[in-house]
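> Contents of protein-v2.tsv (TSV, C-alpha atoms):
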chain	number	residue	atom	x	y	z
J	189	MET	CA	30.35	-99.31	65.55
J	190	SER	CA	29.51	-102.03	68.02
J	191	ALA	CA	30.84	-105.58	68.00
J	192	ASP	CA	27.30	-106.88	67.51
J	193	ASP	CA	26.82	-104.74	64.41
J	194	GLU	CA	30.14	-105.89	62.99
J	195	HIS	CA	29.13	-109.48	63.62
J	196	LEU	CA	25.93	-108.94	61.58
J	197	LEU	CA	27.96	-107.52	58.69
J	198	ALA	CA	30.45	-110.37	58.79
J	199	GLU	CA	27.68	-112.98	58.68
J	200	ALA	CA	25.88	-111.13	55.87
J	201	GLU	CA	29.13	-111.03	53.89
J	202	LYS	CA	29.24	-114.84	53.97
J	203	ILE	CA	25.70	-114.98	52.60
J	204	ALA	CA	26.53	-112.50	49.83
J	205	GLY	CA	29.51	-114.57	48.74
J	206	ALA	CA	27.57	-117.83	48.76
J	207	ILE	CA	24.65	-116.47	46.74
J	208	GLY	CA	26.95	-114.85	44.22
J	209	ARG	CA	28.93	-118.03	43.67
J	210	MET	CA	25.69	-119.96	43.14
J	211	PHE	CA	24.69	-117.72	40.21
J	212	PRO	CA	27.97	-116.78	38.49
J	213	GLY	CA	27.59	-114.20	35.76
J	214	LEU	CA	23.84	-113.86	36.32
J	215	CYS	CA	23.21	-112.26	39.69
J	216	GLU	CA	25.20	-109.42	41.21
J	217	VAL	CA	25.14	-109.53	45.01
J	218	VAL	CA	26.09	-106.39	46.93
J	219	LEU	CA	26.46	-105.95	50.68
J	220	HIS	CA	26.10	-102.35	51.85
J	221	ASP	CA	27.42	-101.19	55.22
J	222	LEU	CA	24.87	-98.51	56.06
J	223	ARG	CA	26.95	-97.31	59.01
J	224	ASN	CA	29.27	-95.67	56.49
J	225	PRO	CA	27.09	-94.36	53.61
J	226	GLN	CA	29.93	-92.55	51.82
J	227	HIS	CA	31.81	-95.86	51.46
J	228	ALA	CA	28.95	-98.31	51.90
J	229	ILE	CA	29.80	-101.16	49.55
J	230	ARG	CA	31.54	-103.74	51.70
J	231	ALA	CA	31.40	-106.72	49.32
J	232	ILE	CA	30.31	-107.30	45.74
J	233	GLU	CA	30.03	-110.68	44.03
J	234	ASN	CA	29.54	-111.04	40.26
J	235	ASN	CA	30.25	-107.40	39.57
J	236	LEU	CA	27.81	-106.57	36.75
J	237	SER	CA	27.25	-102.89	37.50
J	238	GLY	CA	30.86	-101.71	37.50
J	239	ARG	CA	30.73	-100.51	41.10
J	240	GLN	CA	33.56	-101.16	43.52
J	241	VAL	CA	34.09	-101.93	47.19
J	242	GLY	CA	34.09	-98.59	48.99
J	243	ASP	CA	31.55	-96.89	46.71
J	244	SER	CA	28.71	-94.93	48.26
J	245	ALA	CA	25.23	-96.12	49.23
J	246	THR	CA	22.32	-96.07	46.79
J	247	GLU	CA	19.11	-94.09	47.25
J	248	LEU	CA	17.53	-97.09	48.99
J	249	GLY	CA	20.40	-97.26	51.45
J	250	LEU	CA	20.08	-93.58	52.27
J	251	ALA	CA	16.31	-93.98	52.70
J	252	ARG	CA	16.83	-96.77	55.23
J	253	ILE	CA	19.42	-94.76	57.13
J	254	ALA	CA	16.99	-91.86	57.38
J	255	ASP	CA	13.94	-93.93	58.31
J	256	PRO	CA	14.09	-97.12	60.44
J	257	GLY	CA	10.47	-97.71	59.40
J	258	TYR	CA	11.44	-98.06	55.74
J	259	PRO	CA	10.42	-101.50	54.36
J	260	SER	CA	12.87	-104.25	55.24
J	261	VAL	CA	12.37	-106.11	51.97
J	262	LEU	CA	11.75	-104.73	48.49
J	263	GLN	CA	11.20	-107.74	46.24
J	264	ASN	CA	11.59	-108.10	42.47
J	265	TYR	CA	11.52	-104.44	41.47
J	266	PRO	CA	12.68	-103.27	38.01
J	267	ASN	CA	16.14	-101.77	37.83
J	268	GLN	CA	18.84	-101.05	35.27
J	269	PHE	CA	22.60	-101.40	35.01
J	270	PRO	CA	24.57	-98.32	33.88
J	271	ASP	CA	24.89	-99.75	30.35
J	272	GLY	CA	21.10	-100.07	30.01
J	273	ARG	CA	20.67	-103.79	30.63
J	274	PRO	CA	17.38	-104.56	32.42
J	275	VAL	CA	17.63	-105.90	35.95
J	276	LYS	CA	15.29	-107.53	38.47
J	277	SER	CA	16.37	-106.47	41.95
J	278	THR	CA	15.64	-107.40	45.55
J	279	SER	CA	16.91	-105.37	48.49
J	280	ILE	CA	16.95	-106.73	52.06
J	281	GLY	CA	17.56	-104.36	54.94
J	282	ILE	CA	19.32	-105.70	58.05
J	283	LYS	CA	18.61	-104.10	61.43
J	284	ASN	CA	20.57	-104.37	64.67
J	285	ARG	CA	19.07	-105.02	68.09
J	286	GLN	CA	18.25	-101.35	68.49
J	287	GLY	CA	16.07	-101.44	65.36
J	288	ARG	CA	18.45	-99.38	63.25
J	289	TYR	CA	19.44	-100.38	59.73
J	290	VAL	CA	23.13	-101.26	59.66
J	291	ALA	CA	23.32	-103.16	56.36
J	292	ALA	CA	21.49	-104.03	53.17
J	293	LEU	CA	21.90	-107.11	50.99
J	294	CYS	CA	20.97	-106.44	47.38
J	295	LEU	CA	20.49	-108.95	44.55
J	296	ASN	CA	20.56	-107.70	40.96
J	297	LEU	CA	19.56	-110.33	38.40
J	298	ASP	CA	20.66	-109.61	34.82
J	299	VAL	CA	17.46	-110.55	32.99
J	300	SER	CA	18.90	-109.53	29.62
J	301	SER	CA	20.99	-112.71	29.64
J	302	LEU	CA	18.06	-115.03	30.31
J	303	SER	CA	16.15	-114.66	27.03
J	304	PRO	CA	19.05	-115.94	24.87
J	305	LEU	CA	19.64	-118.69	27.42
J	306	THR	CA	15.99	-119.74	27.30
J	307	ARG	CA	16.08	-119.83	23.51
J	308	THR	CA	19.29	-121.87	23.52
J	309	LEU	CA	17.79	-124.44	25.90
J	310	ALA	CA	14.61	-124.62	23.86
J	311	ASN	CA	16.65	-125.35	20.74
J	312	LEU	CA	18.67	-127.94	22.61
J	313	VAL	CA	15.65	-130.02	23.66
J	314	ALA	CA	13.63	-129.52	20.45
J	315	THR	CA	12.59	-132.69	18.60
J	316	GLU	CA	11.82	-133.33	14.95
J	317	ILE	CA	8.19	-133.62	13.85
J	318	ALA	CA	7.42	-136.03	11.01
J	319	HIS	CA	4.57	-134.17	9.32
J	320	GLY	CA	4.61	-135.97	5.95
J	321	GLY	CA	4.42	-132.76	3.96
J	322	GLU	CA	1.15	-131.59	5.47
J	323	VAL	CA	0.59	-127.91	6.18
J	324	LEU	CA	0.97	-127.41	9.91
J	325	GLU	CA	0.06	-123.73	9.96
J	326	THR	CA	-0.60	-120.71	7.82
J	327	LEU	CA	0.86	-117.26	8.29
J	328	ARG	CA	-2.64	-115.87	8.61
J	329	ASP	CA	-3.29	-117.96	11.74
J	330	ARG	CA	-0.10	-117.19	13.62
J	331	THR	CA	-0.71	-116.24	17.23
J	332	ALA	CA	0.87	-113.59	19.40
J	333	ARG	CA	2.86	-116.37	21.08
J	334	GLU	CA	4.40	-117.46	17.78
J	335	LEU	CA	5.19	-113.85	16.93
J	336	ARG	CA	6.91	-113.42	20.29
J	337	GLU	CA	8.94	-116.61	19.76
J	338	THR	CA	10.06	-115.43	16.33
J	339	ILE	CA	11.19	-112.06	17.68
J	340	GLU	CA	12.98	-113.60	20.67
J	341	ALA	CA	14.76	-116.10	18.42
J	342	PHE	CA	15.94	-113.27	16.16
J	343	ALA	CA	17.26	-111.32	19.18
J	344	ALA	CA	18.84	-114.36	20.85
J	345	ALA	CA	20.77	-115.19	17.67
J	346	ARG	CA	22.40	-111.76	18.04
J	347	ALA	CA	22.99	-112.09	21.82
J	348	HIS	CA	20.37	-109.47	22.62
J	349	THR	CA	16.92	-109.16	24.08
J	350	PRO	CA	14.27	-107.73	21.72
J	351	ARG	CA	14.35	-104.36	23.47
J	352	SER	CA	18.15	-104.12	23.45
J	353	LEU	CA	18.48	-104.74	19.70
J	354	PRO	CA	20.17	-101.86	17.86
J	355	ALA	CA	17.96	-99.78	15.59
J	356	ASP	CA	19.34	-101.33	12.40
J	357	ALA	CA	18.61	-104.83	13.72
J	358	LYS	CA	15.06	-103.81	14.67
J	359	ARG	CA	14.65	-102.49	11.14
J	360	GLU	CA	15.89	-105.79	9.68
J	361	LEU	CA	13.53	-107.72	11.96
J	362	ALA	CA	10.50	-105.60	11.06
J	363	LYS	CA	11.15	-106.10	7.35
J	364	GLN	CA	11.52	-109.85	7.88
J	365	LEU	CA	8.25	-110.00	9.80
J	366	ARG	CA	6.46	-108.12	7.03
J	367	ARG	CA	7.87	-110.48	4.39
J	368	ASP	CA	6.73	-113.46	6.46
J	369	GLY	CA	3.20	-112.12	6.70
J	370	TYR	CA	3.01	-111.29	10.39
J	371	PHE	CA	1.69	-107.80	9.75
J	372	GLU	CA	-1.46	-109.32	8.29
J	373	SER	CA	-2.68	-110.37	11.74
J	374	SER	CA	-4.81	-107.95	13.74
J	375	GLY	CA	-2.86	-106.27	16.51
J	376	SER	CA	0.49	-107.64	15.37
J	377	ALA	CA	2.06	-104.20	14.93
J	378	GLN	CA	1.25	-103.29	18.53
J	379	THR	CA	2.60	-106.63	19.76
J	380	ILE	CA	5.84	-106.04	17.86
J	381	ALA	CA	6.07	-102.50	19.22
J	382	ASP	CA	5.60	-103.70	22.81
J	383	LEU	CA	8.27	-106.41	22.45
J	384	LEU	CA	10.80	-104.05	20.87
J	385	GLY	CA	10.04	-101.17	23.22
J	386	VAL	CA	9.17	-98.75	20.42
J	387	SER	CA	6.03	-97.08	19.08
J	388	ARG	CA	3.70	-98.57	16.45
J	389	ALA	CA	4.75	-95.76	14.12
J	390	SER	CA	8.39	-96.82	14.49
J	391	VAL	CA	7.46	-100.43	13.69
J	392	TYR	CA	5.77	-99.38	10.44
J	393	ASN	CA	8.69	-97.13	9.54
J	394	TYR	CA	11.15	-99.94	10.24
J	395	SER	CA	9.21	-102.34	8.02
J	396	LYS	CA	9.25	-100.13	4.89
Could you take the file, read its structure, and then write that structure out as C-alpha coordinates?

Amino acid sequence: MSADDEHLLAEAEKIAGAIGRMFPGLCEVVLHDLRNPQHAIRAIENNLSGRQVGDSATELGLARIADPGYPSVLQNYPNQFPDGRPVKSTSIGIKNRQGRYVAALCLNLDVSSLSPLTRTLANLVATEIAHGGEVLETLRDRTARELRETIEAFAAARAHTPRSLPADAKRELAKQLRRDGYFESSGSAQTIADLLGVSRASVYNYSK
(Lines of atoms letter the chains of each structure in order from A and count residues from 1; the text may use other names and numbers.)
(Lines give C-alpha, C1' and ligand atoms only; values in the text may rest on other atoms or scores of the structure.)
Protein backbone atom coordinates (compact mmCIF):
# COMPACT_ATOMS: atom_id res chain seq x y z
CA MET A 1 0.00 0.00 0.00
CA SER A 2 1.99 2.93 -1.31
CA ALA A 3 1.89 6.48 0.00
CA ASP A 4 0.60 7.66 -3.38
CA ASP A 5 -2.32 5.24 -3.24
CA GLU A 6 -3.16 6.31 0.29
CA HIS A 7 -3.09 9.93 -0.82
CA LEU A 8 -5.65 9.14 -3.55
CA LEU A 9 -7.94 7.49 -1.00
CA ALA A 10 -7.64 10.38 1.43
CA GLU A 11 -8.53 12.92 -1.27
CA ALA A 12 -11.45 10.78 -2.49
CA GLU A 13 -12.73 10.56 1.09
CA LYS A 14 -13.00 14.36 1.18
CA ILE A 15 -15.04 14.31 -2.02
CA ALA A 16 -17.35 11.59 -0.67
CA GLY A 17 -18.03 13.60 2.47
CA ALA A 18 -18.70 16.82 0.57
CA ILE A 19 -21.11 15.22 -1.90
CA GLY A 20 -22.97 13.41 0.85
CA ARG A 21 -23.43 16.56 2.90
CA MET A 22 -24.75 18.38 -0.17
CA PHE A 23 -27.59 15.85 -0.59
CA PRO A 24 -28.55 14.82 2.97
CA GLY A 25 -31.04 11.99 3.13
CA LEU A 26 -31.19 11.63 -0.66
CA CYS A 27 -27.87 10.34 -1.93
CA GLU A 28 -25.73 7.69 -0.28
CA VAL A 29 -22.04 8.15 -1.09
CA VAL A 30 -19.68 5.22 -0.53
CA LEU A 31 -15.91 5.15 -0.90
CA HIS A 32 -14.49 1.67 -1.49
CA ASP A 33 -10.84 0.85 -0.85
CA LEU A 34 -10.26 -1.78 -3.52
CA ARG A 35 -6.86 -2.66 -2.06
CA ASN A 36 -8.71 -4.49 0.71
CA PRO A 37 -11.82 -6.10 -0.86
CA GLN A 38 -12.84 -8.02 2.27
CA HIS A 39 -13.14 -4.73 4.19
CA ALA A 40 -13.50 -2.30 1.30
CA ILE A 41 -15.91 0.33 2.59
CA ARG A 42 -13.71 3.14 3.88
CA ALA A 43 -16.34 5.88 4.21
CA ILE A 44 -20.11 6.10 3.84
CA GLU A 45 -22.16 9.30 3.91
CA ASN A 46 -25.97 9.29 4.16
CA ASN A 47 -26.16 5.62 4.99
CA LEU A 48 -29.30 4.49 3.15
CA SER A 49 -28.33 0.88 2.45
CA GLY A 50 -27.51 -0.22 5.99
CA ARG A 51 -23.91 -1.08 5.16
CA GLN A 52 -21.06 -0.16 7.46
CA VAL A 53 -17.44 0.96 7.27
CA GLY A 54 -15.37 -2.20 6.91
CA ASP A 55 -17.93 -4.14 4.87
CA SER A 56 -16.78 -6.00 1.77
CA ALA A 57 -16.63 -4.79 -1.83
CA THR A 58 -19.57 -5.13 -4.21
CA GLU A 59 -19.56 -7.11 -7.44
CA LEU A 60 -18.45 -4.00 -9.33
CA GLY A 61 -15.51 -3.54 -7.00
CA LEU A 62 -14.42 -7.13 -7.48
CA ALA A 63 -14.77 -6.77 -11.25
CA ARG A 64 -12.47 -3.74 -11.24
CA ILE A 65 -9.92 -5.52 -9.07
CA ALA A 66 -9.87 -8.42 -11.50
CA ASP A 67 -9.75 -6.33 -14.68
CA PRO A 68 -7.95 -2.95 -14.95
CA GLY A 69 -9.72 -2.53 -18.29
CA TYR A 70 -13.15 -2.51 -16.63
CA PRO A 71 -15.02 0.77 -17.36
CA SER A 72 -13.94 3.63 -15.13
CA VAL A 73 -17.41 5.17 -14.97
CA LEU A 74 -20.80 3.46 -14.90
CA GLN A 75 -23.39 6.24 -15.00
CA ASN A 76 -27.03 6.24 -13.88
CA TYR A 77 -27.67 2.51 -13.75
CA PRO A 78 -30.71 1.05 -11.93
CA ASN A 79 -30.06 -0.41 -8.51
CA GLN A 80 -31.97 -1.31 -5.36
CA PHE A 81 -31.53 -0.92 -1.62
CA PRO A 82 -31.95 -4.06 0.53
CA ASP A 83 -35.47 -2.96 1.54
CA GLY A 84 -36.57 -2.74 -2.11
CA ARG A 85 -36.40 1.02 -2.65
CA PRO A 86 -35.37 1.89 -6.23
CA VAL A 87 -32.00 3.56 -6.68
CA LYS A 88 -30.16 5.37 -9.46
CA SER A 89 -26.45 4.66 -9.09
CA THR A 90 -23.17 5.91 -10.51
CA SER A 91 -19.85 4.19 -9.84
CA ILE A 92 -16.49 5.88 -10.50
CA GLY A 93 -13.33 3.80 -10.46
CA ILE A 94 -10.09 5.46 -9.35
CA LYS A 95 -6.77 4.17 -10.71
CA ASN A 96 -3.26 4.78 -9.42
CA ARG A 97 -0.26 5.72 -11.56
CA GLN A 98 0.31 2.08 -12.45
CA GLY A 99 -3.18 1.85 -13.97
CA ARG A 100 -4.57 -0.37 -11.22
CA TYR A 101 -7.91 0.33 -9.57
CA VAL A 102 -7.34 1.26 -5.93
CA ALA A 103 -10.70 2.84 -5.09
CA ALA A 104 -14.26 3.38 -6.26
CA LEU A 105 -16.60 6.25 -5.43
CA CYS A 106 -20.25 5.22 -5.64
CA LEU A 107 -23.34 7.45 -5.56
CA ASN A 108 -26.71 5.88 -4.78
CA LEU A 109 -29.66 8.24 -5.26
CA ASP A 110 -32.87 7.20 -3.48
CA VAL A 111 -35.37 7.91 -6.27
CA SER A 112 -38.28 6.60 -4.19
CA SER A 113 -38.16 9.81 -2.15
CA LEU A 114 -38.30 12.12 -5.15
CA SER A 115 -41.83 11.41 -6.38
CA PRO A 116 -43.50 12.54 -3.12
CA LEU A 117 -41.16 15.52 -3.03
CA THR A 118 -42.09 16.49 -6.59
CA ARG A 119 -45.78 16.23 -5.76
CA THR A 120 -45.33 18.32 -2.61
CA LEU A 121 -43.55 21.07 -4.54
CA ALA A 122 -46.18 21.01 -7.26
CA ASN A 123 -48.90 21.47 -4.66
CA LEU A 124 -46.93 24.27 -3.03
CA VAL A 125 -46.69 26.38 -6.20
CA ALA A 126 -50.17 25.54 -7.56
CA THR A 127 -52.48 28.50 -8.21
CA GLU A 128 -56.25 28.79 -8.25
CA ILE A 129 -58.06 28.90 -11.59
CA ALA A 130 -61.22 31.03 -11.80
CA HIS A 131 -63.24 28.97 -14.26
CA GLY A 132 -66.70 30.44 -13.56
CA GLY A 133 -68.37 27.06 -13.36
CA GLU A 134 -67.42 25.97 -16.86
CA VAL A 135 -66.48 22.36 -17.55
CA LEU A 136 -62.73 22.22 -17.91
CA GLU A 137 -62.50 18.55 -18.81
CA THR A 138 -64.43 15.33 -19.04
CA LEU A 139 -63.36 11.97 -17.70
CA ARG A 140 -63.59 10.55 -21.20
CA ASP A 141 -60.87 12.92 -22.45
CA ARG A 142 -58.34 12.38 -19.69
CA THR A 143 -54.84 11.76 -20.99
CA ALA A 144 -52.16 9.36 -19.86
CA ARG A 145 -50.40 12.32 -18.25
CA GLU A 146 -53.43 13.12 -16.09
CA LEU A 147 -53.76 9.46 -15.14
CA ARG A 148 -50.10 9.38 -14.12
CA GLU A 149 -50.53 12.54 -12.03
CA THR A 150 -53.54 11.07 -10.25
CA ILE A 151 -51.68 7.86 -9.41
CA GLU A 152 -48.56 9.71 -8.24
CA ALA A 153 -50.65 12.02 -6.05
CA PHE A 154 -52.35 9.01 -4.45
CA ALA A 155 -48.97 7.37 -3.75
CA ALA A 156 -47.32 10.59 -2.53
CA ALA A 157 -50.12 11.15 -0.01
CA ARG A 158 -49.12 7.81 1.51
CA ALA A 159 -45.35 8.50 1.35
CA HIS A 160 -44.82 5.91 -1.37
CA THR A 161 -44.04 5.68 -5.04
CA PRO A 162 -46.72 3.98 -7.18
CA ARG A 163 -44.68 0.80 -7.45
CA SER A 164 -43.93 0.62 -3.72
CA LEU A 165 -47.59 0.89 -2.66
CA PRO A 166 -48.78 -2.11 -0.64
CA ALA A 167 -51.23 -4.44 -2.37
CA ASP A 168 -54.22 -3.16 -0.39
CA ALA A 169 -53.41 0.43 -1.36
CA LYS A 170 -53.08 -0.56 -5.02
CA ARG A 171 -56.48 -2.22 -4.74
CA GLU A 172 -57.98 0.95 -3.24
CA LEU A 173 -56.40 3.04 -5.99
CA ALA A 174 -57.66 0.79 -8.79
CA LYS A 175 -61.21 0.96 -7.42
CA GLN A 176 -60.97 4.75 -7.17
CA LEU A 177 -59.75 5.02 -10.76
CA ARG A 178 -62.62 2.85 -11.97
CA ARG A 179 -65.15 4.98 -10.06
CA ASP A 180 -63.64 8.12 -11.58
CA GLY A 181 -63.97 6.75 -15.10
CA TYR A 182 -60.32 6.26 -16.01
CA PHE A 183 -60.87 2.70 -17.18
CA GLU A 184 -63.06 4.02 -19.98
CA SER A 185 -60.02 5.36 -21.85
CA SER A 186 -58.26 3.10 -24.33
CA GLY A 187 -55.01 1.73 -22.97
CA SER A 188 -55.61 3.04 -19.45
CA ALA A 189 -55.39 -0.39 -17.83
CA GLN A 190 -51.96 -0.98 -19.33
CA THR A 191 -50.81 2.49 -18.25
CA ILE A 192 -51.98 1.79 -14.69
CA ALA A 193 -50.26 -1.60 -14.74
CA ASP A 194 -46.97 -0.08 -15.90
CA LEU A 195 -47.06 2.63 -13.21
CA LEU A 196 -47.88 0.18 -10.42
CA GLY A 197 -45.46 -2.49 -11.62
CA VAL A 198 -48.14 -5.17 -11.93
CA SER A 199 -49.89 -7.02 -14.75
CA ARG A 200 -53.06 -5.82 -16.51
CA ALA A 201 -54.86 -8.81 -15.03
CA SER A 202 -53.89 -7.66 -11.54
CA VAL A 203 -55.19 -4.16 -12.29
CA TYR A 204 -58.60 -5.54 -13.31
CA ASN A 205 -58.69 -7.81 -10.27
CA TYR A 206 -57.79 -4.90 -8.00
CA SER A 207 -60.57 -2.76 -9.46
CA LYS A 208 -63.40 -5.25 -8.81
> Got a sec: who's within 12 Å of Asp255 of chain J, counting all atoms listed in the file, leaving out chain neighbours fewer than 3 positions off, as an mmCIF file with C-alpha atoms, keeping the file's coordinate frame?

data_model
loop_
_atom_site.group_PDB
_atom_site.id
_atom_site.type_symbol
_atom_site.label_atom_id
_atom_site.label_comp_id
_atom_site.auth_asym_id
_atom_site.auth_seq_id
_atom_site.Cartn_x
_atom_site.Cartn_y
_atom_site.Cartn_z
ATOM 1 C CA LEU J 248 17.530 -97.090 48.990
ATOM 2 C CA GLY J 249 20.400 -97.260 51.450
ATOM 3 C CA LEU J 250 20.080 -93.580 52.270
ATOM 4 C CA ALA J 251 16.310 -93.980 52.700
ATOM 5 C CA ARG J 252 16.830 -96.770 55.230
ATOM 6 C CA TYR J 258 11.440 -98.060 55.740
ATOM 7 C CA PRO J 259 10.420 -101.500 54.360
ATOM 8 C CA SER J 260 12.870 -104.250 55.240
ATOM 9 C CA GLY J 281 17.560 -104.360 54.940
ATOM 10 C CA LYS J 283 18.610 -104.100 61.430
ATOM 11 C CA GLY J 287 16.070 -101.440 65.360
ATOM 12 C CA ARG J 288 18.450 -99.380 63.250
ATOM 13 C CA TYR J 289 19.440 -100.380 59.730
ATOM 14 C CA VAL J 290 23.130 -101.260 59.660
#
> Measuring atom to atom with all atoms listed in the file, identify which of J:Arg223, J:Ala341, J:Asn234, J:Ser190 is nearest to Met210 of chain J.
J:Asn234
> Mind pulling up the distance from atom CA of Ile280 of chain J to atom CA of Leu262 of chain J?
6.6 Å
> What does the distance between atom CA of Val299 of chain J and atom CA of Gln364 of chain J come to in Å, to one decimal place?
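Here the two named atoms are 25.8 Å from each other.
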> For atom CA of Gly257 of chain J and atom CA of Arg230 of chain J, quote the distance in Å rounded to one decimal.
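Between atom CA of Gly257 of chain J and atom CA of Arg230 of chain J the gap works out to 23.2 Å.
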> Find, counting all atoms listed in the file, the residue in J:Asp356, J:Phe342, J:Ser277, J:Gln286 that gets nearest to Gln263 of chain J.
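Using all atoms listed in the file, Gln263 of chain J sits closest to J:Ser277.
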> Could you name the residues that touch His348 of chain J at 10 Å or less, counting all atoms listed in the file, but leaving out those on the same chain fewer than 6 positions away, as a ChimeraX atom specification?
/J:273,300-304,340-342,354
> Any idea what's packed within 12 Å of Ser387 of chain J, counting only C-alpha atoms, ignoring anything in its chain fewer than 6 positions away? Could you give it as a list in words?
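Answer for this query is Arg351, Ala377, Gln378, Thr379, Ile380, Ala381, Asn393 and Tyr394 of chain J.
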> Quick one: what's the axis-aligned box for segment 222-236 of chain J, all listed atoms, 3 Å on every side, centre and edges in Å to one decimal, as lines of an AutoDock Vina configuration file?

center_x = 28.3
center_y = -101.8
center_z = 47.9
size_x = 12.9
size_y = 24.5
size_z = 28.3
> J:Ile253, J:Ala344, J:Ala191, J:Val217: which is nearest Arg239 of chain J, counting only C-alpha atoms?
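Between J:Ile253, J:Ala344, J:Ala191, J:Val217, the residue approaching Arg239 of chain J most closely is J:Val217.
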> Pick the closest to Leu222 of chain J from J:Gly272, J:Gly242, J:Ala204, J:Leu236: which is it, counting all atoms listed in the file?
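The shortest atom-to-atom distance to Leu222 of chain J comes from J:Gly242.
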> Residues at most 12 Å from Lys396 of chain J, counting all atoms listed in the file, excluding those fewer than 6 positions away in the same chain, as a PyMOL selection string?
chain J and resi 358-367+371+389-390
> Counting all atoms listed in the file, which of J:Gly385, J:Gly375, J:Gly369, J:Pro266 gets nearest to Ser352 of chain J?
J:Gly385
> Go through J:Gly213, J:Gly208, J:Pro350, J:Pro225 and flag the residue nearest Ala254 of chain J, using only C-alpha atoms for the distances.
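Under the stated criterion, the closest residue is J:Pro225.
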> Could you rebuild segment 240-252 of chain J with N, CA, C and O atoms and give me the result as an mmCIF file, in the coordinates of the input?

data_model
loop_
_atom_site.group_PDB
_atom_site.id
_atom_site.type_symbol
_atom_site.label_atom_id
_atom_site.label_comp_id
_atom_site.auth_asym_id
_atom_site.auth_seq_id
_atom_site.Cartn_x
_atom_site.Cartn_y
_atom_site.Cartn_z
ATOM 1 N N GLN J 240 32.407 -100.598 42.823
ATOM 2 C CA GLN J 240 33.560 -101.160 43.520
ATOM 3 C C GLN J 240 33.350 -101.125 45.030
ATOM 4 O O GLN J 240 32.549 -100.331 45.545
ATOM 5 N N VAL J 241 34.083 -101.986 45.736
ATOM 6 C CA VAL J 241 34.090 -101.930 47.190
ATOM 7 C C VAL J 241 34.533 -100.531 47.613
ATOM 8 O O VAL J 241 35.505 -99.987 47.091
ATOM 9 N N GLY J 242 33.783 -99.938 48.542
ATOM 10 C CA GLY J 242 34.090 -98.590 48.990
ATOM 11 C C GLY J 242 33.238 -97.519 48.345
ATOM 12 O O GLY J 242 33.276 -96.353 48.772
ATOM 13 N N ASP J 243 32.447 -97.874 47.325
ATOM 14 C CA ASP J 243 31.550 -96.890 46.710
ATOM 15 C C ASP J 243 30.409 -96.552 47.648
ATOM 16 O O ASP J 243 30.110 -97.271 48.603
ATOM 17 N N SER J 244 29.732 -95.461 47.359
ATOM 18 C CA SER J 244 28.710 -94.930 48.260
ATOM 19 C C SER J 244 27.404 -95.724 48.190
ATOM 20 O O SER J 244 27.184 -96.529 47.277
ATOM 21 N N ALA J 245 26.521 -95.455 49.157
ATOM 22 C CA ALA J 245 25.230 -96.120 49.230
ATOM 23 C C ALA J 245 24.303 -95.629 48.130
ATOM 24 O O ALA J 245 24.449 -94.514 47.608
ATOM 25 N N THR J 246 23.328 -96.455 47.766
ATOM 26 C CA THR J 246 22.320 -96.070 46.790
ATOM 27 C C THR J 246 21.211 -95.272 47.487
ATOM 28 O O THR J 246 21.218 -95.088 48.707
ATOM 29 N N GLU J 247 20.241 -94.827 46.684
ATOM 30 C CA GLU J 247 19.110 -94.090 47.250
ATOM 31 C C GLU J 247 18.357 -94.926 48.292
ATOM 32 O O GLU J 247 17.881 -94.387 49.303
ATOM 33 N N LEU J 248 18.222 -96.233 48.023
ATOM 34 C CA LEU J 248 17.530 -97.090 48.990
ATOM 35 C C LEU J 248 18.279 -97.142 50.316
ATOM 36 O O LEU J 248 17.676 -97.124 51.394
ATOM 37 N N GLY J 249 19.598 -97.232 50.235
ATOM 38 C CA GLY J 249 20.400 -97.260 51.450
ATOM 39 C C GLY J 249 20.224 -95.990 52.267
ATOM 40 O O GLY J 249 20.055 -96.034 53.486
ATOM 41 N N LEU J 250 20.244 -94.856 51.579
ATOM 42 C CA LEU J 250 20.080 -93.580 52.270
ATOM 43 C C LEU J 250 18.687 -93.467 52.885
ATOM 44 O O LEU J 250 18.518 -92.914 53.982
ATOM 45 N N ALA J 251 17.687 -94.013 52.179
ATOM 46 C CA ALA J 251 16.310 -93.980 52.700
ATOM 47 C C ALA J 251 16.205 -94.801 53.978
ATOM 48 O O ALA J 251 15.517 -94.400 54.937
ATOM 49 N N ARG J 252 16.873 -95.935 54.022
ATOM 50 C CA ARG J 252 16.830 -96.770 55.230
ATOM 51 C C ARG J 252 17.588 -96.121 56.387
ATOM 52 O O ARG J 252 17.181 -96.233 57.545
#
